[in-house]
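Structure first, then comments.
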Amino acid sequence: AMLSVSVVILTQGTRNEDLHHIWADVLGQTVKPKNIVTVVNCESVDLGVVPAGITVVETGVNLGIPAGRNYGVRGLAATPGQESDLILFIDDDAYILGSDFIERAIKIFEANEKLGLVQPKVVTRIGQSDETQESGPRYWIPRANKTPTFETFPAFSVWEGATVIRWNCFIESNGWAEPIFYAHEGTDLAWRVWNTGFETRYEPRLVVSHPPVGPERHDKSIWFGMRNKVVMARRNLPFPFLVIYPLAWFALDFVKIMIGKIPHPSGKYAIKTQLRELFKGLFAGIRMDLSDQGHVFDAAAVRRKLSWRTIGVMTKHGRPPLI
């Protein structure tokens, strides 16, 4: 029998036109999903007319992006018979391209039983239309060489806006990292997938579109980025990587800020402001209480660090958890 797929869409009700487009795309697939769950990750909002076949669940409060995605799976996992073989996670500003997207995803997973998680190729969408550019931002290609490619390759981080993961791999990885709240949860999940013995891959045969994201980052992105690097290290890395990984990133971001390589929303040099956010993020990550890991899918996975075997695989592929 063909693998079954559940779709989990995350929204806060601020992009309803896009959300309705995604609903139509998913409902029009050549292979119908087993479940289509839309998670409203905030207090109750008006989503407009919800088509038949779409389940809407409300968290009541912003749980953060990782916990919001997990919330959609929790409801399915708690209902007998609602588990599926694969889960497609998609944010409400990403469109899946092609009515056979799910069918292709199923074939890709059926052809490789070691495949745990994939990130599709991302192309830039123009406005609210279906018009797209040939490629998307290069920093969404999860490898050091950012040259666009039509080849699949092993990935050790993923862009989180659209992913497909094997259900049992998701559970064994304990889902998305809820303590992170926002930013870099794709790296945490990719690492954990490799640690279960499955593979994470970039898969350009699956394509999604996303609006262009400018290089300007608010100060909080520096804070979140640094804090989450420390939190990921504390969650996943054995000594000495536990120390080396966040400090290497701290040094790299410090240099980038000093030479003006991290843009500021004001368009000006803002070295003092950015350095303050970098230091604050570092110390916030060190001080953060990680006793509460959020919802637990697999108790054995919650505090499991990357094995030396996994670190060996990452190193073999040129991506040891150093930076």
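Following the order of the structure tokens, chains are lettered A, B, ..., residues in each are numbered from 1, and ligands are numbered from 1.
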Legend entry - Close residues, segment 5-16 of chain A itself excluded, 7 Å, only C-alpha atoms, min 4 positions apart in chain, as number ranges by chain: A: 20, 33-42, 45-47, 68-69, 72, 84-92
Inset, instruction - Would you mind listing what lies within 12 Å of Leu27 of chain A as JSON, numbers by chain, with only C-alpha atoms counted and same-chain residues fewer than 2 positions away left out? - result: {"A": [6, 7, 20, 21, 22, 23, 24, 25, 29, 30, 31, 32, 33, 34, 35, 36, 37, 50, 51, 52, 53, 54, 96, 98, 99, 100, 101, 102]}
Legend entry - Length of the atom CA of Thr149 of chain A to atom CA of Arg201 of chain A vector [Å]: 13.0 Å
Inset, instruction - Measuring atom to atom with only C-alpha atoms, identify which of A:His317, A:Arg235, A:Lys121, A:Arg104 is nearest to Gly136 of chain A. - result: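 Between A:His317, A:Arg235, A:Lys121, A:Arg104, the residue approaching Gly136 of chain A most closely is A:Lys121.
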Inset, instruction - Give me the residues within 9 Å of Leu97 of chain A as an MDAnalysis selection string, counting only C-alpha atoms and dropping any in the same chain fewer than 4 places off. - result: chainID A and resid 25 101 130 206:209
Legend entry - Filtered DSSP result for segment 97-217 of chain A, state strand (DSSP E or B), as a VMD selection string: chain A and resid 115 to 125 132 153 to 154 162 to 166 199 to 210
Each residue of segment 133-235 of chain A with at least one atom at most 8 Å from segment 270-282 of chain A should appear once, together with its nearest atom pair and the corresponding distance in Å (one decimal); atoms considered: only C-alpha atoms; ordering: chain, then increasing residue number; output as JSON lines.
```
{"residue": "A:Asp219", "atom": "CA", "partner": "A:Gln274", "partner_atom": "CA", "distance": 6.2}
{"residue": "A:Lys220", "atom": "CA", "partner": "A:Glu277", "partner_atom": "CA", "distance": 7.1}
{"residue": "A:Ile222", "atom": "CA", "partner": "A:Leu278", "partner_atom": "CA", "distance": 5.9}
{"residue": "A:Trp223", "atom": "CA", "partner": "A:Gly281", "partner_atom": "CA", "distance": 4.3}
{"residue": "A:Phe224", "atom": "CA", "partner": "A:Gly281", "partner_atom": "CA", "distance": 6.4}
{"residue": "A:Gly225", "atom": "CA", "partner": "A:Gly281", "partner_atom": "CA", "distance": 7.5}
{"residue": "A:Met226", "atom": "CA", "partner": "A:Gly281", "partner_atom": "CA", "distance": 5.0}
{"residue": "A:Arg227", "atom": "CA", "partner": "A:Gly281", "partner_atom": "CA", "distance": 4.3}
{"residue": "A:Val230", "atom": "CA", "partner": "A:Leu282", "partner_atom": "CA", "distance": 6.8}
```
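Here atom CA of Lys114 of chain A and atom CA of Ala67 of chain A stand 25.9 Å from one another.
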Legend entry - helix (DSSP H, G or I) residues, from DSSP on the backbone, in segment 101-304 of chain A, as an MDAnalysis selection string: chainID A and resid 101:110 138:140 167:172 178:180 185:195 219:236 241:258 271:287 299:302
